[in-house]
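Worksheet for the structure shown next.
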Amino acid sequence: MQSWIPIVPESASSFSWKVDALYFYLSGVTLFFTLLISGTLIFFVIRYRRRTPYEIPRPVAGSHKLETVWTVIPFVIAMTMFVWGASVFFDQYKPPQNAIEVYVVGKQWMWKLQHATGQREINELHVPVGRKVRLIMTSEDVIHDFFVPAFRTKADVVPGRYTTMWFEATKPGTYHLFCAEYCGMNHSGMIGSVIVMEPRDFDNWLSGNVGSMTPATAGQQLYQTLGCASCHGGSGEGGRGPALTGTFGTQISLASGGTVTADEGYLRESIINPQAKLVAGFGPIMPTFQGQVSEDQLMQLVAYIKSLHGAGTTTPAPTPSAAASPSPARAVASPAPAPSIR
Amino acid sequence: MSEHIVSVRVYITIFLVLLVGTALTVWAAFVDFPFGLNTIIAMAIAVTKATFVVLYFMHVRYSTRLVWVIVGSALFWMGIMFAFTFADYFTRSRLSIGT
Amino acid sequence: MKPIESFELPSPSKVNYLNAVYGLKSWLLTKDHKRIALLYLGSITFFFFIGGIYALMIRLELLTPSGDFLESTTYNKVFTQHGIIMIFFFLIPSIPATLGNFLIPMMIGAKDLAFPRINLLSWYVYLAGGIITIYALLAGGVDTGWTFYTPFSTTFSNSYVVATGLGIFINGFSSILTGLNFIVTIHTMRAPGMTWFRMPLFCWSHYATSLIMILGTPVIAITVLLLAFERVSGVGIFNPKLGGDPVLFQHMFWFYSHPAVYIMVLPGMGVISELIANFSRKNIFGYSFVAFSSIAIAVFGFLVWGHHMFVTPQSVYAGMIFSFLSFAVAIPSAIKVFNWTATLYKSSISYDTPMLYALGFIGLFTIGGMTGLFLASLATDVHLSDTYFVVAHFHYIMVGGALMAYLGGLHYWWPKMTGRMYPEGWGRFGALVVFVGFNLTFLPQFIAGYIGMPRRYHAYPPEFQVYNVLSTAGASILGFGMLIPAVYFVWSMRYGKHAEANPWHLPGLEWRTQSPPPTENFEQTPIVTWDAYEFAPPEETEVVGKFHGEVERAS
Amino acid sequence: MIESHAATPEIHGHPALQHHFENMEQQREAGTLGMWIFLVTEIMFFGGMFLAYTLYRNLFPAGFVLASNHLDITLGAVNTGVLILSSFTMAMAVYFTQTGKLRPQVWCLVLTLILGLTFLGIKAVEYHEKYTDRLIPGRIIPGAHFGPDPHAFHLQAGAPELAQIEMFYWIYFAMTGMHALHMVIGAGLLTYLIIFSLKRRFDPEYHSPVEVIGLYWHFVDIVWIFLFPLLYLLGRHLGGH
Ligand code: HEA
Ligand code: HEA
Ligand code: CUA
Ligand SMILES: [Cu+2]
């Protein structure tokens with residue numbers, strides 16, 4: 001992509017500069033200590049070279065003062081690295097508000113992506129500049145890893161569970177998408193690109209690519225055909241099973257005591273392995289749907305349940321995922337906080 | 001270091017204690033203790049039994065400090081393995097959602 | 001107190017451990033730790049060259065961006081087998097099983113290790129593990145990466161995972177037996193007067209290494225065993241499709257494999273302590289700090305394994321703990337580096353080959369260790385994990401560090417082991433070539449990794465090519481550099497100059513017996529009255545002009 | 001060869017003293033220490049399986065309770081008793097060696113061996129039951145893949161707990177299998193002790209092999225002391241059979 005020889009990767013996300021800053025700090029410290037030590041070594045080696053075959057230098061006793069100095073100083077420096085690294089990481093992992101959601105399924109050896117608005121892509125991901133994008137990812141087979149060097153972020157994509165990551169692209173362009181966890185024969189071919197577009201172009205792209213149903217709608221159909229409605233009500237209002245409307249993002253009290261946050265991972269588990277965390281007040285009657293639904297379909301069910309927000313929930317409304325809105329184009333064009341229309 | 005010869009009386013006592021412990025743990029398993037105490041009770045009995053075996057049958061009670069350290073460190077390292085692994089499992093997914 | 005008096009140079013006897021008994025059987029059934037060390041030396045070198053040939057294949061493939069030299073399946077097998085052979089069959093046993101085996105009894109004044117038969121057994125176990133692994137490689141190879149991540153290794157790979165796992169499982173016992181032997185030997189077999197704080201630091205670092213071998217290796221054993229069973233039976237303890245958790249495998253794997261990296265480097269650190277002190281004729285600065293930092297590394301090394309899992313679904317909080325502790329474990333390493341450097345102050349430094357390797361070690365280990373901090377730091381690891389930055393990090397420590405220490409140690413003790421000198425000029429030349437080749441190979445990989453080149457890639461986007469070309473060029477120089485010592489070591493066994501008992505004029509116990517030593521190491525059990533690295537006190541030297549252990553027999 | 005024994009004049013001439021040790025005391029100390037360190041590796045080895053057990057018991061409480069209630073508690077308890085008794089006889093064997101009473105010593109060893117074999121026999125009966133109930137996990141045994149009658153667990157066909165039950169039995173077989181393997185090795189070691197005792201190799205001064213193998217045997221006993229409640233007992237109070 002670049003004609004010159006790159007020594008820093010392209011920088012195209014809201015936190016890539018933060019990672020770079022830390023990286024340069026670390027490089028600086030490394031350079032300093034490497035030079036300090038090799039410089040001292042070279043100096044000593046020359047200065048104190050053996051001059052006569054039988055010379056014996058005077059032995060030294062150690063020095064507790066020096067030992068303390070070179071224990072404490074590196075420790076303090078190391079702690080700056082730790083705190084800095086951890087705080088950037090924490091930012092990077094705290095899930096964002098009002099993000100566009102994209103569902104990602106990795107399989108040997110391709111990436112299948114679906115936007116909340118229904119567009120499907122393979123090995124390509126189109127995203128707008130200046131919007132937070134949250135990926136909800138799982139794998140159909142082995143562990144993969146979604147890695148975009150230009151965004152300085154990666155996360156494993158693990159079968160049997162959801163992992164998430166997010167980023168906010170800052171610069172239009174086409175960037176590498178790599179699979180960074182070894183996954184078998186064609187691991188190095190499991191690559192693609194992330195295409196960052198100006199919001200307007202992105203809207204165009206979205207409207208030019210409708211076609212498939214949104215995951216939530218597809219999930220709704222599944223919900224009916226799989227018979228979830230028989231227990232959870234025709235539109236998730238509840239029945240023999242708990243109401244699903246407005247569940248997403250709330251705290252669920254469990255029969256075993258304790259609570260759990262109803263995130264995507266929990267919803268997924270509730271469908272695949274309902275007995276693992278029983279909702280308080282209900283018996284273990286829900287059958288497992290393991291093996292009956294594919295990862296894609298599970299994501300659709302989850303998307304549907306997420307889209308059910310009830311009127312009377314007490315907790316703040318969960319992520320206003322774009323899926324809830326009828327018109328895909330409108331949903332994206334009207335981001336809730338300060339839209340970045342340039 | 002001359003070694004200590006444990007008397008037969010001690011061996012027999014320990015043997016009986018172990019048998020009683022086994023009976024006790026079987027009995028306790030069928031009692032429904034409150035607060036999920038069953039697991040703790042079962043483990044407490046097992047640990048007690050194991051301690052008796054280690055101290056008397058295996059003569060640790062009469063052994064050098066080094067043997068104590070070895071036994072202790074084995075348990076300590078197994079503790080590390082458990083503690084850090086569960087530190088992961090029990091704090092998973094706290095951050096996984098924005099509300 | 002005149003320590004010199006307690007010592008006399010041995011009579012120059014023609015009988016030594018090499019020629020005391022003859023015949024193949026006398027080698028294959030030997031219980032002499034020195035002969036077992038040589039058996040290990042031979043077999044480990046064999047595995048190193050196999051691993052090295054795989055390395056050259058990797059580098060050749062990566063010369064061009066497209067995957068043209070090897071099939072992707074072949075490439076995957078090549079790097080996997082490179083990793084497995086180098087780690088389990090070369091680096092982990094390298095220094096302990098050869099130099100450690102040879103020297104520990106001698107350094108503490110014992111006649112042998114505590115369990116000579118177990119020592120021999122450990123070599124056979126190693127061999128059995130090696131043969132099974134070689135069988136797996138010949139039968140079709142294994143392609144899981146040396147980390148065997150599930151569920152790829154359990155259900156998806158159709159290569160020889162079970163056989164390889166079995167090989168590693170068996171090999172683990174050899175490691176355990178060696179560690180057990182060292183610990184017991186150091187505890188119970190020290191010569192009169194050889195207190196803990198008079199032991200050479202080489203022994204301390206091997207003691208620490210043995211702790212890790214004892215406490216860690218069983219866990220990898222059970223882990224690969226479960227993995228193999230799972231593959232055979234189809235039950236899912238690690239397989240999410242069947243209810244298991246693949247991340248549990250990673251926890252169990254790294255519980256051993258992180259501490260294992262210290263199995264690889266601690267013995268090297270022990271060698272470096274010897275080299276630095278002895279070739280500068282100075283007692284180690286802060287002896288007790290260097291000694292205890294080995295133990296600290298062994299202990300804290302068990303608390304950081306999760307830093308290999310920052311980008312997995314491991315809990316963010318666990319990630320923070322592991323990150324914090326990873327920084328903490330860097331401190332004892334830092335203490336060592338600083339103390340080695342300080343030792344050279346006002347010393348008398350010779351430029352013999354072992355010293356060149358030692359100086360190389362310190363520089364390269366510093367770079368390797370400091371880049372470990374990039375990876376221990378959460379935010380940067382997210383970007384750098386599974387890229388060539390990691391590859392460069394660990395090669396800097398394992399090749400630039402541990403391997404250099406091993407080579408340095410081999411040169412240093414070569415006269416003692418074989419009774420012959422290696423050619424000094426060639427030695428220095430080889431060290432230089434290796435140093436240059438090494439840096440050219442792996443320095444570019446840091447940048448390649450930072451700009452995003454993922455590891456375990458058989459083909460890559462063209463913008464990474466520059467760095468790969470440099471790296472391949474470096475690897476050829478490195479490969480050539482490795483051949484130099486290989487050739488002259490073999491040559492010297494026959495044609496080398498005969499070595500004196502104490503060619504370097506040093507005070508250590510191993511130099512106070514003939515070269516090569518007699519079967520039971522010493523003619524009589526030594527009584528130790530001096531500290532490690534205690535060159536003759538200056539007043540005395542000025543008068544006598546000689547060192548401990550160098551006093552003429554009759555004096 | 002260099003004869004080094006001459007260098008240490010106060011050497012005992014005990015025939016069992018190996019050449020590289022100074023005296024019997026040092027040799028015995030090394031042996032005991034070695035065995036203890038070996039036991040440390042054993043603890044870590046079993047520790048890995050205990051870790052997996054604990055994790056999955058937490059993840060799948062329901063299936064684990066069903067599965068564990070299905071184990072035969074009587075056989076388990078009897079086996080615990082057998083093993084404890086064998087530990088006792090082993091301890092007595094060490095005692096008689098230390099005190100030089102060699103006839104009872106051999107008898108104790110023989111008893112220990114018999115008890116160990118009894119344990120293995122009972123275990124085999126249990127394993128066979130599992131085999132007939134098709135509870136052997138996975139497809140290890142051709143023609144008898146895992147597939148128990150769900151009603152035996154009060155479950156419907158295809159109930160999700162079946163997978164968890166399979167997981168339990170996998171861990172059960174891994175742990176008890178490893179334990180049984182250790183018993184078999186222990187039986188081999190006992191046989192060695194018996195043969196050499198009959199040859200009068202051991203005496204109060206040289207009893208280290210008996211002691212060291214005793215340590216091993218007690219350790220195997222301890223593992224079972226934990227396996228029994230963990231596998232057979234936990235969750236009984238929740239009902240079941
Ligand atoms: C001998 C081998 C060895 C050694 C000793 C080390 C030592 C260290 N390693 Fe390394 N590491 C590996 C071998 C090794 N490593 C391997 C093989 C892998 C990849 C495995 C795989 O996935 O295949 C790996 C991967 C790896 C990762 C995971 C990367 C990833 O996959 O995402 C991390 C993360 O924290 C890490 C960190 C460290 C740290 C902090 C040290 C520390 O111990 C280093 C301490 C040393 C120093 C810090 C230098 C000396 C100090 C100074 C000069 C003073 C200045 C110091 C300060 C200011 C603090 N290593
Ligand atoms: C002790 C450990 C050790 C050692 C010594 C080495 C040594 C080398 N390694 Fe190794 N390497 C690993 C451990 C080690 N490696 C591990 C654990 C991995 C990860 C595997 C995985 O991902 O699963 C890895 C991965 C790895 C990769 C990344 C592969 C990938 O991710 O796709 C690369 C790429 O350059 C590489 C290169 C080299 C090179 C050039 C050497 C050189 O230093 C080798 C030098 C030695 C020789 C060259 C041999 C001696 C000379 C000859 C045999 C002469 C040959 C004859 C002729 C030239 C005719 N290694
Ligand atoms: Cu998918 Cu690598
Ligand atoms: Cu590590």
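Each chain of the structure tokens is named A, B, ... in the order shown, its residues numbered from 1; ligands are numbered from 1 in display order.
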- Task: Give the residues of chain C that lie within 8 Å of chain D; count only C-alpha atoms, and format the answer as JSON, numbers by chain.
- Result: {"C": [15, 20, 110, 111, 112, 114, 176, 180, 181, 184, 185, 188, 189, 214, 215, 216, 217, 218, 219, 221, 222, 223, 232, 233, 234, 235, 236, 237, 242, 243, 248, 252, 518, 519, 520, 523, 524, 525]}
Counting only C-alpha atoms, which residues of chain D sit at most 10 Å from some atom of chain A, and what is each one's closest atom pair with its distance in Å to one decimal, listed by chain and rising residue number, as CSV?
```
residue,atom,partner,partner_atom,distance
D:Asn58,CA,A:Ala276,CA,9.4
D:Leu59,CA,A:Ala276,CA,6.7
D:Phe60,CA,A:Ala276,CA,6.3
D:Pro61,CA,A:Ala276,CA,7.9
D:Ala62,CA,A:Gln275,CA,7.7
D:Gly63,CA,A:Gln275,CA,9.4
D:Gly158,CA,A:Thr288,CA,9.0
D:Ala159,CA,A:Pro287,CA,7.3
D:Pro160,CA,A:Thr288,CA,6.0
D:Glu161,CA,A:Gln275,CA,8.3
```
- Task: List the neighbours of Ala303 of chain A out to 9 Å using only C-alpha atoms; skip same-chain residues closer than 6 positions along the sequence, and give me the result as a list in words.
- Result: Ala116, Thr214, Pro215, Ala216, Thr217, Ala218, Gly219, Gln220, Glu264, Ser321 and Ala323 of chain A
Just-selected residues, all heavy atoms written as a CSV table (one decimal), in the first residue's frame:
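Final output, saved to again_36.csv:
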```csv
chain,number,residue,atom,x,y,z
A,116,ALA,N,-25.6,-5.0,11.3
A,116,ALA,CA,-26.9,-5.1,12.0
A,116,ALA,C,-28.0,-4.7,11.0
A,116,ALA,O,-29.2,-5.0,11.2
A,116,ALA,CB,-26.9,-4.1,13.1
A,214,THR,N,-32.3,-8.1,7.9
A,214,THR,CA,-31.4,-7.7,9.1
A,214,THR,C,-31.4,-9.0,10.0
A,214,THR,O,-32.3,-9.8,10.0
A,214,THR,CB,-32.0,-6.6,9.9
A,214,THR,OG1,-33.2,-7.0,10.5
A,214,THR,CG2,-32.3,-5.4,9.0
A,215,PRO,N,-30.3,-9.1,10.7
A,215,PRO,CA,-30.2,-10.2,11.6
A,215,PRO,C,-31.4,-10.3,12.5
A,215,PRO,O,-31.9,-11.4,12.8
A,215,PRO,CB,-28.9,-10.0,12.4
A,215,PRO,CG,-28.2,-9.0,11.6
A,215,PRO,CD,-29.2,-8.2,10.7
A,216,ALA,N,-31.9,-9.1,13.0
A,216,ALA,CA,-33.0,-9.2,14.0
A,216,ALA,C,-34.2,-9.7,13.3
A,216,ALA,O,-35.0,-10.5,13.9
A,216,ALA,CB,-33.2,-7.7,14.5
A,217,THR,N,-34.5,-9.3,12.1
A,217,THR,CA,-35.7,-9.9,11.4
A,217,THR,C,-35.6,-11.4,11.2
A,217,THR,O,-36.5,-12.1,11.5
A,217,THR,CB,-35.9,-9.2,10.1
A,217,THR,OG1,-35.6,-7.8,10.2
A,217,THR,CG2,-37.3,-9.3,9.6
A,218,ALA,N,-34.4,-11.7,10.7
A,218,ALA,CA,-34.2,-13.2,10.5
A,218,ALA,C,-34.3,-13.9,11.9
A,218,ALA,O,-34.9,-15.0,11.9
A,218,ALA,CB,-32.8,-13.4,10.0
A,219,GLY,N,-33.9,-13.3,12.9
A,219,GLY,CA,-34.0,-13.9,14.2
A,219,GLY,C,-35.4,-14.0,14.7
A,219,GLY,O,-35.8,-15.0,15.3
A,220,GLN,N,-36.2,-13.0,14.3
A,220,GLN,CA,-37.6,-13.1,14.7
A,220,GLN,C,-38.3,-14.3,14.0
A,220,GLN,O,-39.1,-15.0,14.6
A,220,GLN,CB,-38.3,-11.8,14.2
A,220,GLN,CG,-39.8,-11.7,14.6
A,220,GLN,CD,-40.3,-10.3,14.4
A,220,GLN,OE1,-39.8,-9.6,13.6
A,220,GLN,NE2,-41.4,-10.0,15.1
A,264,GLU,N,-24.5,-10.4,25.3
A,264,GLU,CA,-24.7,-11.3,24.2
A,264,GLU,C,-24.3,-12.7,24.6
A,264,GLU,O,-24.9,-13.7,24.2
A,264,GLU,CB,-23.9,-10.9,22.9
A,264,GLU,CG,-24.5,-9.7,22.2
A,264,GLU,CD,-23.8,-8.4,22.6
A,264,GLU,OE1,-23.0,-8.4,23.6
A,264,GLU,OE2,-24.0,-7.4,22.0
A,321,SER,N,-29.2,-0.4,19.2
A,321,SER,CA,-28.5,-1.0,18.0
A,321,SER,C,-29.3,-0.6,16.8
A,321,SER,O,-30.5,-0.5,16.8
A,321,SER,CB,-28.4,-2.5,18.2
A,321,SER,OG,-29.7,-3.1,17.7
A,323,ALA,N,-30.1,-2.2,14.5
A,323,ALA,CA,-31.1,-3.2,14.1
A,323,ALA,C,-32.5,-2.9,14.4
A,323,ALA,O,-33.4,-3.3,13.7
A,323,ALA,CB,-30.7,-4.6,14.7
```
- Message: Could you list, as a ChimeraX atom specification, all residues that come within 6 Å of ligand 1? Count only C-alpha atoms and all ligand atoms.
- Response: /A:33,74-75,77-78 /C:261-262,264-265,307-308,326-327,329-331,333-334,337,366,369-370,372-373,375-376,381,385-386,390,394,397-398
Can you write out the residues you just picked, keeping N, CA and C atoms, as a compact mmCIF listing (two decimals), in the first residue's frame?
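Ended up saving to result13.txt:
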```txt
# COMPACT_ATOMS: atom_id res chain seq x y z
N PHE A 33 18.19 1.69 28.03
CA PHE A 33 18.85 0.65 28.81
C PHE A 33 19.81 -0.17 27.96
N PRO A 74 14.26 0.39 38.09
CA PRO A 74 13.53 -0.38 37.08
C PRO A 74 12.11 -0.69 37.50
N PHE A 75 11.91 -0.93 38.79
CA PHE A 75 10.55 -1.25 39.22
C PHE A 75 9.63 -0.06 38.97
N ILE A 77 10.03 2.34 36.83
CA ILE A 77 9.82 2.48 35.38
C ILE A 77 8.83 1.42 34.89
N ALA A 78 9.01 0.21 35.37
CA ALA A 78 8.12 -0.86 34.93
C ALA A 78 6.67 -0.54 35.31
N VAL C 261 10.04 -21.05 29.95
CA VAL C 261 11.00 -20.15 29.32
C VAL C 261 12.11 -19.81 30.31
N TYR C 262 11.79 -19.89 31.58
CA TYR C 262 12.87 -19.65 32.54
C TYR C 262 13.71 -20.91 32.73
N MET C 264 14.61 -22.39 30.27
CA MET C 264 15.53 -22.23 29.15
C MET C 264 16.59 -21.19 29.44
N VAL C 265 16.22 -20.15 30.18
CA VAL C 265 17.19 -19.05 30.29
C VAL C 265 17.97 -19.08 31.60
N HIS C 307 -0.03 -13.84 30.62
CA HIS C 307 0.33 -12.80 29.66
C HIS C 307 0.41 -13.33 28.23
N HIS C 308 0.28 -14.62 28.07
CA HIS C 308 0.17 -15.15 26.71
C HIS C 308 -1.27 -15.15 26.23
N SER C 326 3.98 -9.71 35.41
CA SER C 326 5.02 -9.88 34.39
C SER C 326 6.07 -8.79 34.53
N PHE C 327 5.62 -7.59 34.85
CA PHE C 327 6.61 -6.54 35.07
C PHE C 327 7.44 -6.84 36.31
N VAL C 329 8.29 -9.70 37.43
CA VAL C 329 9.25 -10.76 37.22
C VAL C 329 10.44 -10.27 36.40
N ALA C 330 10.28 -9.12 35.76
CA ALA C 330 11.41 -8.57 35.02
C ALA C 330 12.49 -8.04 35.97
N ILE C 331 12.10 -7.70 37.18
CA ILE C 331 13.05 -7.05 38.07
C ILE C 331 14.24 -7.95 38.44
N SER C 333 15.55 -10.20 36.73
CA SER C 333 16.42 -10.26 35.56
C SER C 333 17.26 -9.00 35.47
N ALA C 334 16.60 -7.87 35.75
CA ALA C 334 17.33 -6.61 35.71
C ALA C 334 18.47 -6.64 36.72
N VAL C 337 21.41 -8.46 35.30
CA VAL C 337 22.12 -7.73 34.26
C VAL C 337 23.01 -6.65 34.89
N THR C 366 19.32 -8.30 27.09
CA THR C 366 18.68 -7.04 27.48
C THR C 366 17.64 -6.64 26.44
N GLY C 369 14.76 -9.14 26.63
CA GLY C 369 13.96 -8.96 27.84
C GLY C 369 13.16 -7.68 27.80
N MET C 370 13.78 -6.60 27.35
CA MET C 370 13.06 -5.33 27.30
C MET C 370 11.90 -5.41 26.31
N GLY C 372 10.26 -7.97 25.84
CA GLY C 372 9.22 -8.70 26.57
C GLY C 372 8.30 -7.73 27.30
N LEU C 373 8.86 -6.60 27.71
CA LEU C 373 8.02 -5.62 28.40
C LEU C 373 6.96 -5.02 27.47
N LEU C 375 5.41 -6.64 25.43
CA LEU C 375 4.36 -7.66 25.36
C LEU C 375 3.65 -7.82 26.69
N ALA C 376 4.36 -7.52 27.77
CA ALA C 376 3.72 -7.61 29.07
C ALA C 376 2.77 -6.44 29.29
N ASP C 381 0.58 -5.15 23.78
CA ASP C 381 0.49 -6.57 23.43
C ASP C 381 -0.69 -6.83 22.50
N SER C 385 0.80 -8.93 19.79
CA SER C 385 0.63 -10.36 20.00
C SER C 385 0.49 -11.09 18.67
N ASP C 386 1.10 -12.27 18.61
CA ASP C 386 1.01 -13.09 17.41
C ASP C 386 1.53 -12.40 16.16
N VAL C 390 6.73 -10.77 18.44
CA VAL C 390 6.87 -11.83 19.43
C VAL C 390 7.96 -12.80 19.02
N PHE C 394 11.28 -13.61 21.35
CA PHE C 394 11.75 -14.84 21.98
C PHE C 394 13.01 -15.38 21.35
N ILE C 397 15.84 -13.78 23.15
CA ILE C 397 16.21 -14.39 24.43
C ILE C 397 16.72 -15.80 24.25
N MET C 398 16.04 -16.56 23.39
CA MET C 398 16.38 -17.98 23.34
C MET C 398 17.62 -18.23 22.48
```
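Residue nearest chain B, chosen from A:Thr259, A:Asn123, A:Ser253, A:Thr34 and counting only C-alpha atoms: A:Thr259.
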- Using only C-alpha atoms and all ligand atoms, find each protein or nucleic acid residue lying at most 12 Å from ligand 3; present the set as an MDAnalysis selection string. (chainID A and resid 105:112 123 138:147 155:159 177:192) or (chainID C and resid 76 144:145 149 152 386 454:458)
- Using only C-alpha atoms and all ligand atoms, determine which residues fall within 7 Å of ligand 2, then list them as an NGL selection string. :C and (48-53 or 55-56 or 58-59 or 79-80 or 82-84 or 86-87 or 90-91 or 145-147 or 388 or 391 or 395 or 398-399 or 403 or 438 or 441 or 455-458 or 471 or 475-476 or 478-480 or 482-483)
- Message: Taking only C-alpha atoms and all ligand atoms and a cut-off of 8 Å, can you tell me which residues surround ligand 4, written as a PyMOL selection string?
- Response: chain C and resi 254+257-259+261+304-308
Produce a file of the selected residues containing N, CA, C and O atoms, as a PDB file, in the first residue's frame.
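Done, and the output landed in again_23.pdb:
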```pdb
ATOM      1  N   TRP C 254       0.110 -22.890  29.449  1.00  0.00           N
ATOM      2  CA  TRP C 254       1.046 -21.826  29.817  1.00  0.00           C
ATOM      3  C   TRP C 254       1.456 -21.894  31.276  1.00  0.00           C
ATOM      4  O   TRP C 254       2.466 -21.311  31.656  1.00  0.00           O
ATOM      5  N   SER C 257       4.334 -23.636  30.353  1.00  0.00           N
ATOM      6  CA  SER C 257       5.208 -23.155  29.293  1.00  0.00           C
ATOM      7  C   SER C 257       5.737 -21.757  29.546  1.00  0.00           C
ATOM      8  O   SER C 257       6.780 -21.408  29.008  1.00  0.00           O
ATOM      9  N   HIS C 258       5.045 -20.951  30.337  1.00  0.00           N
ATOM     10  CA  HIS C 258       5.763 -19.733  30.691  1.00  0.00           C
ATOM     11  C   HIS C 258       6.932 -20.038  31.624  1.00  0.00           C
ATOM     12  O   HIS C 258       8.062 -19.665  31.311  1.00  0.00           O
ATOM     13  N   PRO C 259       6.712 -20.689  32.764  1.00  0.00           N
ATOM     14  CA  PRO C 259       7.889 -21.022  33.591  1.00  0.00           C
ATOM     15  C   PRO C 259       8.962 -21.732  32.779  1.00  0.00           C
ATOM     16  O   PRO C 259      10.156 -21.569  33.034  1.00  0.00           O
ATOM     17  N   VAL C 261      10.040 -21.053  29.953  1.00  0.00           N
ATOM     18  CA  VAL C 261      11.000 -20.151  29.319  1.00  0.00           C
ATOM     19  C   VAL C 261      12.112 -19.807  30.306  1.00  0.00           C
ATOM     20  O   VAL C 261      13.235 -19.523  29.900  1.00  0.00           O
ATOM     21  N   VAL C 304       2.730 -15.603  36.085  1.00  0.00           N
ATOM     22  CA  VAL C 304       2.510 -14.649  34.995  1.00  0.00           C
ATOM     23  C   VAL C 304       2.019 -15.303  33.718  1.00  0.00           C
ATOM     24  O   VAL C 304       1.986 -14.657  32.689  1.00  0.00           O
ATOM     25  N   TRP C 305       1.653 -16.579  33.759  1.00  0.00           N
ATOM     26  CA  TRP C 305       1.422 -17.267  32.497  1.00  0.00           C
ATOM     27  C   TRP C 305       0.334 -16.612  31.650  1.00  0.00           C
ATOM     28  O   TRP C 305       0.356 -16.707  30.437  1.00  0.00           O
ATOM     29  N   GLY C 306      -0.612 -15.944  32.318  1.00  0.00           N
ATOM     30  CA  GLY C 306      -1.714 -15.354  31.567  1.00  0.00           C
ATOM     31  C   GLY C 306      -1.299 -14.270  30.599  1.00  0.00           C
ATOM     32  O   GLY C 306      -2.122 -13.812  29.804  1.00  0.00           O
ATOM     33  N   HIS C 307      -0.032 -13.839  30.617  1.00  0.00           N
ATOM     34  CA  HIS C 307       0.332 -12.800  29.663  1.00  0.00           C
ATOM     35  C   HIS C 307       0.409 -13.329  28.232  1.00  0.00           C
ATOM     36  O   HIS C 307       0.571 -12.547  27.310  1.00  0.00           O
ATOM     37  N   HIS C 308       0.281 -14.624  28.068  1.00  0.00           N
ATOM     38  CA  HIS C 308       0.172 -15.153  26.708  1.00  0.00           C
ATOM     39  C   HIS C 308      -1.271 -15.146  26.231  1.00  0.00           C
ATOM     40  O   HIS C 308      -1.550 -15.572  25.118  1.00  0.00           O
TER      41      HIS C 308
END
```
- Restrict the distance test to only C-alpha atoms, flag each residue of chain B within 6 Å of chain C, and return the flagged residues as JSON, numbers by chain. {"B": [87, 88, 91, 92]}
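In chain A, the set of residues within 6 Å of chain C (atoms considered: only C-alpha atoms) is Val8, Pro9, Val19, Thr30, Ser38, Tyr48, Arg49, Arg50, Pro57, Pro59, Gly62, Ala78, Phe82, Gly85, Ala86, Val88, Phe89, Val142, Pro149, Arg152, Thr153, Lys154, Ala155, Asp156, Gly160, Ala180, Met185 and Ser188 of chain A.
The interatomic distance for the pair atom CA of Gly268 of chain C and atom CA of Phe182 of chain C works out to 15.9 Å.
Interatomic distance, atom CA of Leu267 of chain A to atom CA of Gln250 of chain C: 25.1 Å.
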- Task: With a distance cut-off of 12 Å and only C-alpha atoms, select the neighbouring residues of Leu120 of chain D, excluding the residue or stretch itself and same-chain residues fewer than 2 positions from it, and output the selection as a PyMOL selection string.
- Result: chain D and resi 75-76+78-80+82-83+113-118+122-127+176-177+179-187
- Using only C-alpha atoms, which residues sit within 12 Å of Thr22 of chain B once same-chain residues fewer than 3 positions away are excluded, as an MDAnalysis selection string? (chainID B and resid 15:19 25:29 42:50) or (chainID D and resid 73:74 76:85 224:226 228:229 233)
